[in-house]
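What follows is the content of structure_13.cif (mmCIF, C-alpha atoms and all ligand atoms).
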data_model
#
loop_
_atom_site.label_atom_id
_atom_site.label_comp_id
_atom_site.auth_asym_id
_atom_site.auth_seq_id
_atom_site.Cartn_x
_atom_site.Cartn_y
_atom_site.Cartn_z
CA MET A 1 -1.82 0.04 17.54
CA GLY A 2 1.79 -1.13 18.09
CA LYS A 3 1.28 -4.82 17.51
CA HIS A 4 -0.93 -4.27 14.46
CA PHE A 5 -0.15 -2.77 11.05
CA ILE A 6 -2.96 -0.31 10.39
CA HIS A 7 -1.17 2.97 9.54
CA ILE A 8 2.45 3.61 8.58
CA SER A 9 2.41 6.51 11.01
CA ASP A 10 1.93 4.05 13.91
CA TYR A 11 5.66 3.32 13.40
CA ASN A 12 8.70 5.56 13.78
CA SER A 13 11.44 5.90 11.18
CA ASN A 14 13.74 3.33 12.88
CA GLU A 15 10.95 0.77 12.91
CA ILE A 16 10.15 1.47 9.24
CA TRP A 17 13.82 1.00 8.32
CA GLU A 18 13.91 -2.21 10.34
CA ILE A 19 10.99 -3.54 8.26
CA LEU A 20 12.70 -2.42 5.02
CA TYR A 21 16.00 -4.15 5.86
CA LEU A 22 14.08 -7.28 6.85
CA ALA A 23 12.16 -7.16 3.55
CA LYS A 24 15.43 -6.98 1.64
CA GLU A 25 16.81 -9.97 3.58
CA LEU A 26 13.63 -12.02 3.03
CA LYS A 27 13.63 -11.19 -0.68
CA THR A 28 17.13 -12.67 -0.99
CA LYS A 29 16.07 -15.77 0.96
CA PHE A 30 13.01 -16.19 -1.28
CA HIS A 31 15.06 -15.90 -4.47
CA LYS A 32 17.61 -18.41 -3.16
CA LYS A 33 14.71 -20.73 -2.25
CA GLU A 34 16.10 -20.97 1.27
CA ASN A 35 14.28 -23.05 3.81
CA TYR A 36 12.77 -20.37 6.06
CA LYS A 37 9.75 -21.47 8.10
CA PRO A 38 9.04 -19.07 10.99
CA PHE A 39 5.27 -19.67 10.60
CA GLN A 40 5.28 -23.47 10.75
CA ASP A 41 1.93 -24.63 12.24
CA ARG A 42 0.63 -21.05 12.13
CA SER A 43 -2.34 -19.70 10.18
CA LEU A 44 -3.22 -16.41 8.55
CA ALA A 45 -6.88 -15.43 8.03
CA MET A 46 -7.29 -13.19 4.99
CA ILE A 47 -10.60 -11.32 4.96
CA PHE A 48 -11.57 -9.60 1.70
CA ALA A 49 -14.65 -7.38 1.45
CA LYS A 50 -13.31 -6.06 -1.90
CA PRO A 51 -11.63 -7.77 -4.88
CA SER A 52 -7.86 -8.31 -5.08
CA ALA A 53 -5.16 -9.98 -7.17
CA ARG A 54 -1.83 -8.80 -5.70
CA THR A 55 -2.81 -8.63 -2.03
CA ARG A 56 -4.44 -12.04 -1.99
CA VAL A 57 -1.76 -13.86 -3.97
CA SER A 58 1.21 -12.16 -2.31
CA PHE A 59 -0.04 -12.72 1.25
CA GLU A 60 -1.05 -16.30 0.59
CA THR A 61 2.14 -17.21 -1.30
CA GLY A 62 4.38 -15.39 1.18
CA PHE A 63 2.82 -16.90 4.31
CA GLU A 64 2.86 -20.41 2.87
CA TRP A 65 6.50 -19.98 1.78
CA MET A 66 7.25 -19.11 5.43
CA GLY A 67 5.73 -22.43 6.49
CA GLY A 68 2.20 -21.35 7.43
CA HIS A 69 -1.30 -21.87 6.10
CA ALA A 70 -3.38 -19.00 4.72
CA LEU A 71 -7.18 -19.00 4.56
CA PHE A 72 -8.94 -16.92 1.92
CA LEU A 73 -12.29 -15.47 3.00
CA GLY A 74 -13.95 -13.61 0.15
CA PRO A 75 -16.75 -11.04 0.16
CA ASN A 76 -19.47 -13.73 0.36
CA ASP A 77 -17.88 -15.96 2.98
CA ILE A 78 -18.19 -14.50 6.48
CA GLY A 79 -20.21 -11.31 5.97
CA ILE A 80 -18.01 -9.25 8.31
CA GLY A 81 -20.04 -6.40 9.79
CA LYS A 82 -23.21 -7.71 8.12
CA ARG A 83 -23.82 -11.28 9.22
CA GLU A 84 -21.73 -10.81 12.34
CA ALA A 85 -20.31 -7.92 14.35
CA ILE A 86 -16.69 -7.01 13.59
CA LYS A 87 -15.70 -7.31 17.25
CA ASP A 88 -17.11 -10.86 17.35
CA ILE A 89 -15.20 -11.95 14.24
CA SER A 90 -12.10 -10.38 15.74
CA ARG A 91 -12.27 -12.32 19.01
CA LEU A 92 -13.27 -15.52 17.23
CA PHE A 93 -10.40 -15.43 14.72
CA SER A 94 -7.95 -14.56 17.52
CA ARG A 95 -8.74 -18.01 18.94
CA TYR A 96 -8.14 -19.83 15.63
CA ASN A 97 -5.49 -17.83 13.79
CA ASP A 98 -2.08 -16.29 14.47
CA VAL A 99 -2.35 -13.31 12.08
CA ILE A 100 -5.36 -11.57 10.51
CA MET A 101 -5.15 -9.54 7.29
CA ALA A 102 -8.24 -7.65 6.15
CA ARG A 103 -9.29 -5.55 3.18
CA LEU A 104 -12.40 -3.60 4.19
CA PHE A 105 -14.39 -0.59 3.04
CA ASP A 106 -14.79 1.56 6.15
CA HIS A 107 -11.51 2.41 7.90
CA LYS A 108 -13.25 2.39 11.31
CA HIS A 109 -13.89 -1.31 10.78
CA ILE A 110 -10.19 -2.26 10.52
CA VAL A 111 -9.50 -0.17 13.62
CA GLU A 112 -12.26 -2.06 15.46
CA LEU A 113 -10.95 -5.41 14.20
CA ALA A 114 -7.51 -4.55 15.62
CA GLU A 115 -8.92 -3.21 18.88
CA TYR A 116 -10.57 -6.54 19.76
CA SER A 117 -7.91 -8.86 18.37
CA ASP A 118 -5.28 -10.65 20.46
CA VAL A 119 -3.25 -11.44 17.33
CA PRO A 120 -1.69 -8.95 14.87
CA VAL A 121 -4.12 -7.37 12.39
CA ILE A 122 -2.72 -6.12 9.08
CA ASN A 123 -4.56 -3.56 6.96
CA GLY A 124 -4.80 -4.86 3.37
CA LEU A 125 -6.48 -1.62 2.20
CA THR A 126 -9.47 0.42 3.34
CA ASP A 127 -11.24 3.37 1.75
CA TYR A 128 -8.80 5.53 3.75
CA ASN A 129 -5.34 3.94 3.31
CA HIS A 130 -3.15 1.12 1.99
CA PRO A 131 -0.04 0.87 4.20
CA CYS A 132 1.38 -2.46 2.87
CA GLN A 133 1.41 -0.98 -0.63
CA ILE A 134 3.43 2.07 0.35
CA ILE A 135 6.00 0.08 2.38
CA CYS A 136 6.52 -1.99 -0.78
CA ASP A 137 6.71 1.19 -2.89
CA ILE A 138 9.41 2.82 -0.78
CA MET A 139 11.34 -0.48 -0.71
CA THR A 140 11.23 -0.51 -4.52
CA ILE A 141 12.48 3.08 -4.79
CA TRP A 142 15.27 2.34 -2.29
CA GLU A 143 16.29 -0.68 -4.38
CA GLN A 144 16.27 1.32 -7.62
CA LYS A 145 18.09 4.41 -6.34
CA GLY A 146 20.30 2.83 -3.68
CA ASN A 147 19.18 5.45 -1.13
CA LEU A 148 16.21 7.66 -0.29
CA ASP A 149 18.09 10.95 -0.25
CA ASP A 150 16.55 14.06 -1.85
CA LEU A 151 13.56 12.13 -3.10
CA LYS A 152 10.82 13.89 -5.04
CA ILE A 153 7.62 11.90 -5.61
CA CYS A 154 4.91 13.33 -7.82
CA TYR A 155 1.57 11.57 -7.42
CA MET A 156 -0.82 12.26 -10.27
CA GLY A 157 -4.58 11.72 -9.88
CA ASP A 158 -7.13 11.13 -7.15
CA GLY A 159 -6.31 12.07 -3.53
CA ASN A 160 -7.24 8.57 -2.35
CA ASN A 161 -6.13 5.76 0.00
CA ILE A 162 -2.74 5.47 -1.76
CA VAL A 163 -2.02 9.17 -1.19
CA HIS A 164 -3.00 8.95 2.48
CA SER A 165 -0.44 6.21 3.09
CA TRP A 166 2.20 8.19 1.17
CA LEU A 167 1.46 11.18 3.39
CA GLN A 168 1.75 9.04 6.52
CA LEU A 169 5.11 7.76 5.27
CA ALA A 170 6.20 11.35 4.55
CA SER A 171 5.50 12.17 8.20
CA ARG A 172 8.13 9.54 9.13
CA LEU A 173 10.75 9.63 6.32
CA PRO A 174 11.88 12.86 4.63
CA MET A 175 10.83 13.52 1.04
CA GLU A 176 9.31 16.09 -1.26
CA PHE A 177 5.77 14.93 -2.06
CA VAL A 178 3.55 16.59 -4.64
CA CYS A 179 -0.07 15.52 -5.11
CA CYS A 180 -1.46 16.77 -8.40
CA GLY A 181 -5.07 16.32 -9.47
CA PRO A 182 -8.31 18.13 -10.25
CA GLU A 183 -9.96 20.48 -7.78
CA GLY A 184 -12.40 18.70 -5.49
CA PHE A 185 -10.36 15.46 -5.39
CA GLU A 186 -7.73 16.48 -2.83
CA PRO A 187 -6.54 14.12 -0.06
CA ASP A 188 -7.87 14.31 3.49
CA MET A 189 -6.60 17.56 5.05
CA GLU A 190 -6.09 16.05 8.52
CA THR A 191 -3.62 13.62 6.94
CA VAL A 192 -1.91 16.48 5.08
CA LYS A 193 -1.51 18.20 8.46
CA MET A 194 0.39 15.14 9.76
CA VAL A 195 3.11 15.83 7.20
CA GLU A 196 3.13 19.56 7.92
CA ASN A 197 3.26 18.96 11.70
CA SER A 198 6.12 16.48 11.36
CA GLY A 199 8.31 19.23 9.88
CA LEU A 200 10.16 16.45 8.05
CA SER A 201 8.90 16.49 4.47
CA SER A 202 7.52 19.08 2.12
CA PHE A 203 4.02 18.71 0.71
CA GLU A 204 2.58 20.54 -2.26
CA LEU A 205 -0.95 20.34 -3.62
CA SER A 206 -1.02 21.12 -7.32
CA HIS A 207 -3.58 21.30 -10.10
CA ASN A 208 -0.95 21.81 -12.79
CA PRO A 209 0.62 18.58 -14.11
CA ILE A 210 3.31 20.34 -16.16
CA SER A 211 4.85 22.20 -13.23
CA ALA A 212 4.13 19.43 -10.66
CA VAL A 213 6.35 16.82 -12.33
CA LYS A 214 9.43 19.07 -12.66
CA GLY A 215 12.45 17.38 -11.07
CA ALA A 216 10.43 14.31 -9.97
CA ASP A 217 12.36 11.11 -9.33
CA VAL A 218 9.10 9.17 -9.47
CA ILE A 219 5.74 9.78 -11.10
CA TYR A 220 3.13 7.62 -9.42
CA THR A 221 -0.48 7.18 -10.36
CA ASP A 222 -3.53 5.09 -9.45
CA VAL A 223 -7.01 4.53 -10.88
CA TRP A 224 -9.28 7.57 -11.05
CA ALA A 225 -12.20 5.63 -9.53
CA SER A 226 -11.30 3.32 -6.66
CA MET A 227 -13.14 0.18 -5.59
CA GLY A 228 -16.53 1.32 -4.31
CA GLN A 229 -16.56 4.30 -6.74
CA LYS A 230 -16.68 2.46 -10.06
CA GLU A 231 -20.15 3.84 -10.91
CA GLU A 232 -18.54 7.32 -10.96
CA ALA A 233 -15.86 6.21 -13.47
CA ALA A 234 -17.33 7.86 -16.60
CA GLN A 235 -17.94 11.17 -14.80
CA ARG A 236 -14.46 11.15 -13.23
CA GLU A 237 -12.79 10.40 -16.57
CA LYS A 238 -13.81 13.85 -17.85
CA VAL A 239 -12.18 15.81 -15.02
CA PHE A 240 -9.15 13.57 -14.62
CA ALA A 241 -8.19 13.41 -18.33
CA PRO A 242 -5.60 16.26 -18.12
CA TYR A 243 -3.80 14.28 -15.39
CA GLN A 244 -3.10 11.18 -17.49
CA VAL A 245 0.51 9.95 -17.24
CA ASN A 246 1.65 9.76 -20.87
CA LYS A 247 4.98 10.00 -22.66
CA SER A 248 4.81 13.76 -23.00
CA LEU A 249 4.32 14.19 -19.23
CA MET A 250 7.13 11.71 -18.48
CA ASN A 251 9.39 13.72 -20.82
CA ASN A 252 8.60 16.92 -18.98
CA THR A 253 10.39 16.18 -15.70
CA GLY A 254 13.90 17.17 -16.81
CA LYS A 255 15.14 13.89 -15.29
CA ASP A 256 15.25 10.16 -15.91
CA THR A 257 12.03 9.60 -13.96
CA LEU A 258 10.67 6.25 -12.79
CA PHE A 259 7.02 5.37 -13.33
CA MET A 260 5.09 3.57 -10.57
CA HIS A 261 1.49 2.37 -10.16
CA CYS A 262 0.05 0.24 -7.35
CA LEU A 263 -1.98 -1.68 -9.98
CA PRO A 264 -4.47 -2.72 -11.24
CA ALA A 265 -3.99 -0.12 -13.99
CA GLU A 266 -6.70 1.00 -16.37
CA ARG A 267 -4.51 1.49 -19.45
CA GLY A 268 -5.65 4.38 -21.61
CA ARG A 269 -7.13 6.20 -18.60
CA GLU A 270 -4.71 7.25 -15.83
CA VAL A 271 -1.70 5.86 -17.74
CA THR A 272 -0.97 5.02 -21.36
CA ASP A 273 0.05 1.60 -22.54
CA GLU A 274 3.28 3.19 -23.79
CA VAL A 275 4.31 4.42 -20.33
CA MET A 276 3.34 1.13 -18.65
CA GLU A 277 5.57 -0.75 -21.11
CA SER A 278 8.44 1.80 -21.12
CA LYS A 279 11.90 1.11 -19.66
CA ASN A 280 11.18 3.63 -16.90
CA SER A 281 8.19 1.67 -15.69
CA ILE A 282 9.02 -0.40 -12.59
CA VAL A 283 5.47 -1.57 -11.88
CA PHE A 284 6.28 -5.28 -11.85
CA ASP A 285 9.34 -4.91 -9.58
CA GLN A 286 7.01 -2.88 -7.40
CA ALA A 287 4.28 -5.54 -7.48
CA GLU A 288 6.79 -8.30 -6.66
CA ASN A 289 7.93 -6.38 -3.60
CA ARG A 290 4.41 -6.50 -2.14
CA MET A 291 5.18 -10.05 -1.08
CA HIS A 292 8.63 -9.36 0.39
CA ALA A 293 7.45 -6.23 2.23
CA GLN A 294 4.44 -8.06 3.68
CA ASN A 295 6.53 -11.07 4.68
CA ALA A 296 8.74 -8.61 6.58
CA ILE A 297 5.73 -6.96 8.21
CA MET A 298 4.40 -10.33 9.39
CA VAL A 299 7.79 -11.46 10.75
CA TYR A 300 8.35 -8.05 12.38
CA LEU A 301 4.94 -8.15 14.10
CA SER A 302 5.34 -11.72 15.33
CA ASN A 303 8.82 -10.86 16.72
CA ASN A 304 7.45 -7.81 18.52
CA LEU A 305 4.32 -9.19 20.18
CA SER A 306 3.79 -7.40 23.48
N1 LIG A 401 -2.23 -3.03 -5.42
C1 LIG A 401 -3.12 -3.87 -4.89
O1 LIG A 401 -3.44 -3.83 -3.71
O2 LIG A 401 -3.64 -4.77 -5.78
P1 LIG A 401 -4.91 -5.69 -5.54
O3 LIG A 401 -6.10 -4.78 -5.39
O4 LIG A 401 -5.01 -6.56 -6.76
O5 LIG A 401 -4.69 -6.50 -4.30
N1 LIG A 402 -7.18 3.27 -4.96
C1 LIG A 402 -7.33 1.91 -5.41
C2 LIG A 402 -6.15 1.10 -4.99
C3 LIG A 402 -6.19 -0.35 -5.47
C4 LIG A 402 -5.01 -1.14 -4.99
C5 LIG A 402 -8.62 1.34 -4.85
O1 LIG A 402 -8.88 1.57 -3.65
O2 LIG A 402 -9.36 0.71 -5.59
#
Could you write out this file's structure as structure tokens?
Amino acid sequence: MGKHFIHISDYNSNEIWEILYLAKELKTKFHKKENYKPFQDRSLAMIFAKPSARTRVSFETGFEWMGGHALFLGPNDIGIGKREAIKDISRLFSRYNDVIMARLFDHKHIVELAEYSDVPVINGLTDYNHPCQIICDIMTIWEQKGNLDDLKICYMGDGNNIVHSWLQLASRLPMEFVCCGPEGFEPDMETVKMVENSGLSSFELSHNPISAVKGADVIYTDVWASMGQKEEAAQREKVFAPYQVNKSLMNNTGKDTLFMHCLPAERGREVTDEVMESKNSIVFDQAENRMHAQNAIMVYLSNNLS
């Protein structure tokens, strides 16, 4: 999977740091409006089987800033896996495009897309993980704190795709990671084992929000019902309610704790409006960094083509 970006754990810590330093450099270039065109005459195919605001706009804007052309293919355009086999789309797009980014439901499908592609494939979220998001998240924390030493992250809510990418990062960079949510909504245990087997980070599964957030540098949350689960939203709201990130929970850490959310947020459910708008909320710095982190991933992959 070396030439693709499917899981953070496909990369070692040096490679992850290389991407982070590159992201920082590209952010400065972008803000200075420097002329930086490594993707001149290149194209990026963006395949979306699910909706998106940040991923679509940040990939498209970033790739075009770097001199390339990005094509948006929405859920009704190519019918990946329905109208046409994934492996056929993969080989076809490899002939037209220089990079493929895809947001799909089934994780096996992004793996298959990568397996048959001659050009780098980037995972823009599956039901299982969301690696671009978590590279951007750790970049944002690094920026805010100046280092990643003695980091405690407390994730509050559903053990979903966001958590799986956090766990894969924790198997590569040291941290204390607590996942706190209702029973029955834990993350995938095979992915938890990756952290335990790495011997690098500590992982705690908690059902108690009050004790889970103690000493946390960051409280992170995400929607209680992900894309593809929205019909379960009302049912989930009942069990997830005690895990809402509100002012009282933020005040319970014993620290000046940052608030993060991958967005889109459902204000009044997993997070209150008050916390989203508070001075400790860094959600828009975080969202901005999606573009810089992804630009770095694309440059890194094109520099390291085997
Ligand atoms: N965080 C994120 O991936 O946002 P979108 O679903 O809007 O792309
Ligand atoms: N867990 C959310 C993340 C959105 C960026 C979802 O999959 O819908």
For this session: Set the cut-off to 10 Å, count only C-alpha atoms and all ligand atoms, and list whatever residues fall near ligand LIG 402 (chain A) as a VMD selection string.
Result: chain A and resid 50 to 55 103 105 124 to 130 133 158 to 163 221 to 230 261 to 265
For this session: Would you mind telling me which residue in A:Ile110, A:Val239, A:Val178, A:Met189 lies nearest to Lys214 of chain A when using all atoms listed in the file?
Result: A:Val178
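Computed from the coordinates, the atom CA of Leu173 of chain A to atom CA of His7 of chain A distance equals 14.0 Å.
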Exercise. Of the candidates A:Thr140, A:Ser171, A:Gln235, A:Thr28, which shows the shortest atom-to-atom distance to Ile8 of chain A, using only C-alpha atoms?
Worked result: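 The answer is A:Ser171, which sits nearest to Ile8 of chain A.
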Problem set entry | Cut-off 10 Å around (5.9, 2.1, -10.5) with only C-alpha atoms: residues as a ChimeraX atom specification | /A:137,140-141,218-222,258-263,276,280-287
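Minimum atom-to-atom distances from A:His109, A:Leu200, A:Cys136, A:Asn123 to Ala296 of chain A were compared using only C-alpha atoms, and the lowest value belongs to A:Cys136.
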Exercise. Gly74 of chain A: which residues within 8 Å, counting all atoms listed in the file, same-chain residues fewer than 6 positions away excluded, as a ChimeraX atom specification?
Worked result: /A:47-50
Problem set entry | Top pick for closest residue to ligand LIG 401 (chain A), considering A:Ala70, A:Ile16, A:Leu104, A:Ala241 and counting only C-alpha atoms and all ligand atoms |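 The answer is A:Leu104, which sits nearest to ligand LIG 401 (chain A).
Nearest-residue note for ligand LIG 401 (chain A): choosing from A:Asn289, A:Asn14, A:Ser90, A:Thr272, the minimum distance belongs to A:Asn289, counting only C-alpha atoms and all ligand atoms.
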Exercise. Between atom CA of Ser165 of chain A and atom CA of Phe5 of chain A, what is the distance, to one decimal in Å?
Worked result: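 So the answer is 12.0 Å.
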Exercise. To one decimal place, how far is atom CA of Pro174 of chain A from atom CA of Ser201 of chain A in Å?
Worked result: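 These two atoms are separated by 4.7 Å.
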For this session: Would you be able to write out as a VMD selection string which residues have an atom within 9 Å of (11.0, -3.1, 7.7) in the file's coordinates, counting all atoms listed in the file?
Result: chain A and resid 14 to 24 135 139 293 296 to 297 300
Output C-alpha atoms of each residue in that selection to a file, as a PDB file, in the frame of the given file.
ATOM      1  CA  ASN A  14      13.740   3.330  12.880  1.00  0.00           C
ATOM      2  CA  GLU A  15      10.950   0.770  12.910  1.00  0.00           C
ATOM      3  CA  ILE A  16      10.150   1.470   9.240  1.00  0.00           C
ATOM      4  CA  TRP A  17      13.820   1.000   8.320  1.00  0.00           C
ATOM      5  CA  GLU A  18      13.910  -2.210  10.340  1.00  0.00           C
ATOM      6  CA  ILE A  19      10.990  -3.540   8.260  1.00  0.00           C
ATOM      7  CA  LEU A  20      12.700  -2.420   5.020  1.00  0.00           C
ATOM      8  CA  TYR A  21      16.000  -4.150   5.860  1.00  0.00           C
ATOM      9  CA  LEU A  22      14.080  -7.280   6.850  1.00  0.00           C
ATOM     10  CA  ALA A  23      12.160  -7.160   3.550  1.00  0.00           C
ATOM     11  CA  LYS A  24      15.430  -6.980   1.640  1.00  0.00           C
ATOM     12  CA  ILE A 135       6.000   0.080   2.380  1.00  0.00           C
ATOM     13  CA  MET A 139      11.340  -0.480  -0.710  1.00  0.00           C
ATOM     14  CA  ALA A 293       7.450  -6.230   2.230  1.00  0.00           C
ATOM     15  CA  ALA A 296       8.740  -8.610   6.580  1.00  0.00           C
ATOM     16  CA  ILE A 297       5.730  -6.960   8.210  1.00  0.00           C
ATOM     17  CA  TYR A 300       8.350  -8.050  12.380  1.00  0.00           C
TER      18      TYR A 300
END
For this session: Find the residue from A:Ala212, A:Val299, A:Ile80, A:Ile134 that sits nearest to ligand LIG 401 (chain A); use only C-alpha atoms and all ligand atoms when measuring.
Result: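 Checking each of A:Ala212, A:Val299, A:Ile80, A:Ile134 against ligand LIG 401 (chain A), counting only C-alpha atoms and all ligand atoms, the winner is A:Ile134.
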For this session: Determine, counting all atoms listed in the file, which protein, DNA and RNA residues have an atom within 10 Å of an atom of Asp273 of chain A; residues of the same chain fewer than 6 positions away are not included. Present the result as a VMD selection string.
Result: chain A and resid 245 to 247 265 to 267
Using C-alpha atoms, can you export the residues from the last selection as a PDB file, keeping the file's coordinate frame?
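The file below, result.pdb, is the result:
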ATOM      1  CA  VAL A 245       0.510   9.950 -17.240  1.00  0.00           C
ATOM      2  CA  ASN A 246       1.650   9.760 -20.870  1.00  0.00           C
ATOM      3  CA  LYS A 247       4.980  10.000 -22.660  1.00  0.00           C
ATOM      4  CA  ALA A 265      -3.990  -0.120 -13.990  1.00  0.00           C
ATOM      5  CA  GLU A 266      -6.700   1.000 -16.370  1.00  0.00           C
ATOM      6  CA  ARG A 267      -4.510   1.490 -19.450  1.00  0.00           C
TER       7      ARG A 267
END
For this session: Please identify all polymer residues within 9 Å of Asp41 of chain A, counting all atoms listed in the file, omitting same-chain residues fewer than 6 positions from it, and present them as a ChimeraX atom specification.
Result: /A:67-69
Missing atoms in segment 242-258 of chain A need filling: write out N, CA, C and O atoms for it as a JSON list (two decimals), in the coordinates of the input.
[["chain", "number", "residue", "atom", "x", "y", "z"],
["A", 242, "PRO", "N", -6.86, 15.49, -18.00],
["A", 242, "PRO", "CA", -5.60, 16.26, -18.12],
["A", 242, "PRO", "C", -4.47, 15.72, -17.23],
["A", 242, "PRO", "O", -3.32, 16.16, -17.36],
["A", 243, "TYR", "N", -4.80, 14.79, -16.34],
["A", 243, "TYR", "CA", -3.80, 14.28, -15.39],
["A", 243, "TYR", "C", -3.28, 12.89, -15.79],
["A", 243, "TYR", "O", -2.59, 12.23, -15.01],
["A", 244, "GLN", "N", -3.58, 12.49, -17.01],
["A", 244, "GLN", "CA", -3.10, 11.18, -17.49],
["A", 244, "GLN", "C", -1.56, 11.18, -17.54],
["A", 244, "GLN", "O", -0.95, 12.16, -17.99],
["A", 245, "VAL", "N", -0.95, 10.08, -17.12],
["A", 245, "VAL", "CA", 0.51, 9.95, -17.24],
["A", 245, "VAL", "C", 0.80, 9.35, -18.62],
["A", 245, "VAL", "O", 0.50, 8.18, -18.88],
["A", 246, "ASN", "N", 1.31, 10.20, -19.51],
["A", 246, "ASN", "CA", 1.65, 9.76, -20.87],
["A", 246, "ASN", "C", 3.10, 10.14, -21.15],
["A", 246, "ASN", "O", 3.79, 10.72, -20.29],
["A", 247, "LYS", "N", 3.57, 9.81, -22.34],
["A", 247, "LYS", "CA", 4.98, 10.00, -22.66],
["A", 247, "LYS", "C", 5.37, 11.47, -22.55],
["A", 247, "LYS", "O", 6.44, 11.82, -22.06],
["A", 248, "SER", "N", 4.47, 12.34, -23.02],
["A", 248, "SER", "CA", 4.81, 13.76, -23.00],
["A", 248, "SER", "C", 4.99, 14.26, -21.56],
["A", 248, "SER", "O", 5.91, 15.03, -21.26],
["A", 249, "LEU", "N", 4.15, 13.79, -20.64],
["A", 249, "LEU", "CA", 4.32, 14.19, -19.23],
["A", 249, "LEU", "C", 5.62, 13.60, -18.66],
["A", 249, "LEU", "O", 6.38, 14.30, -17.96],
["A", 250, "MET", "N", 5.90, 12.35, -18.96],
["A", 250, "MET", "CA", 7.13, 11.71, -18.48],
["A", 250, "MET", "C", 8.36, 12.46, -19.00],
["A", 250, "MET", "O", 9.38, 12.56, -18.30],
["A", 251, "ASN", "N", 8.26, 13.00, -20.21],
["A", 251, "ASN", "CA", 9.39, 13.72, -20.82],
["A", 251, "ASN", "C", 9.56, 15.13, -20.27],
["A", 251, "ASN", "O", 10.49, 15.83, -20.63],
["A", 252, "ASN", "N", 8.63, 15.54, -19.43],
["A", 252, "ASN", "CA", 8.60, 16.92, -18.98],
["A", 252, "ASN", "C", 9.26, 17.14, -17.62],
["A", 252, "ASN", "O", 9.22, 18.23, -17.08],
["A", 253, "THR", "N", 9.87, 16.07, -17.07],
["A", 253, "THR", "CA", 10.39, 16.18, -15.70],
["A", 253, "THR", "C", 11.78, 16.79, -15.66],
["A", 253, "THR", "O", 12.22, 17.26, -14.61],
["A", 254, "GLY", "N", 12.51, 16.69, -16.79],
["A", 254, "GLY", "CA", 13.90, 17.17, -16.81],
["A", 254, "GLY", "C", 14.83, 16.15, -16.18],
["A", 254, "GLY", "O", 15.98, 16.47, -15.86],
["A", 255, "LYS", "N", 14.36, 14.94, -15.97],
["A", 255, "LYS", "CA", 15.14, 13.89, -15.29],
["A", 255, "LYS", "C", 14.81, 12.54, -15.90],
["A", 255, "LYS", "O", 13.81, 12.41, -16.62],
["A", 256, "ASP", "N", 15.59, 11.52, -15.53],
["A", 256, "ASP", "CA", 15.25, 10.16, -15.91],
["A", 256, "ASP", "C", 14.30, 9.64, -14.80],
["A", 256, "ASP", "O", 14.76, 9.14, -13.79],
["A", 257, "THR", "N", 13.02, 9.82, -15.03],
["A", 257, "THR", "CA", 12.03, 9.60, -13.96],
["A", 257, "THR", "C", 11.43, 8.20, -14.03],
["A", 257, "THR", "O", 11.10, 7.71, -15.11],
["A", 258, "LEU", "N", 11.28, 7.59, -12.85],
["A", 258, "LEU", "CA", 10.67, 6.25, -12.79],
["A", 258, "LEU", "C", 9.15, 6.38, -12.79],
["A", 258, "LEU", "O", 8.60, 7.35, -12.24]]
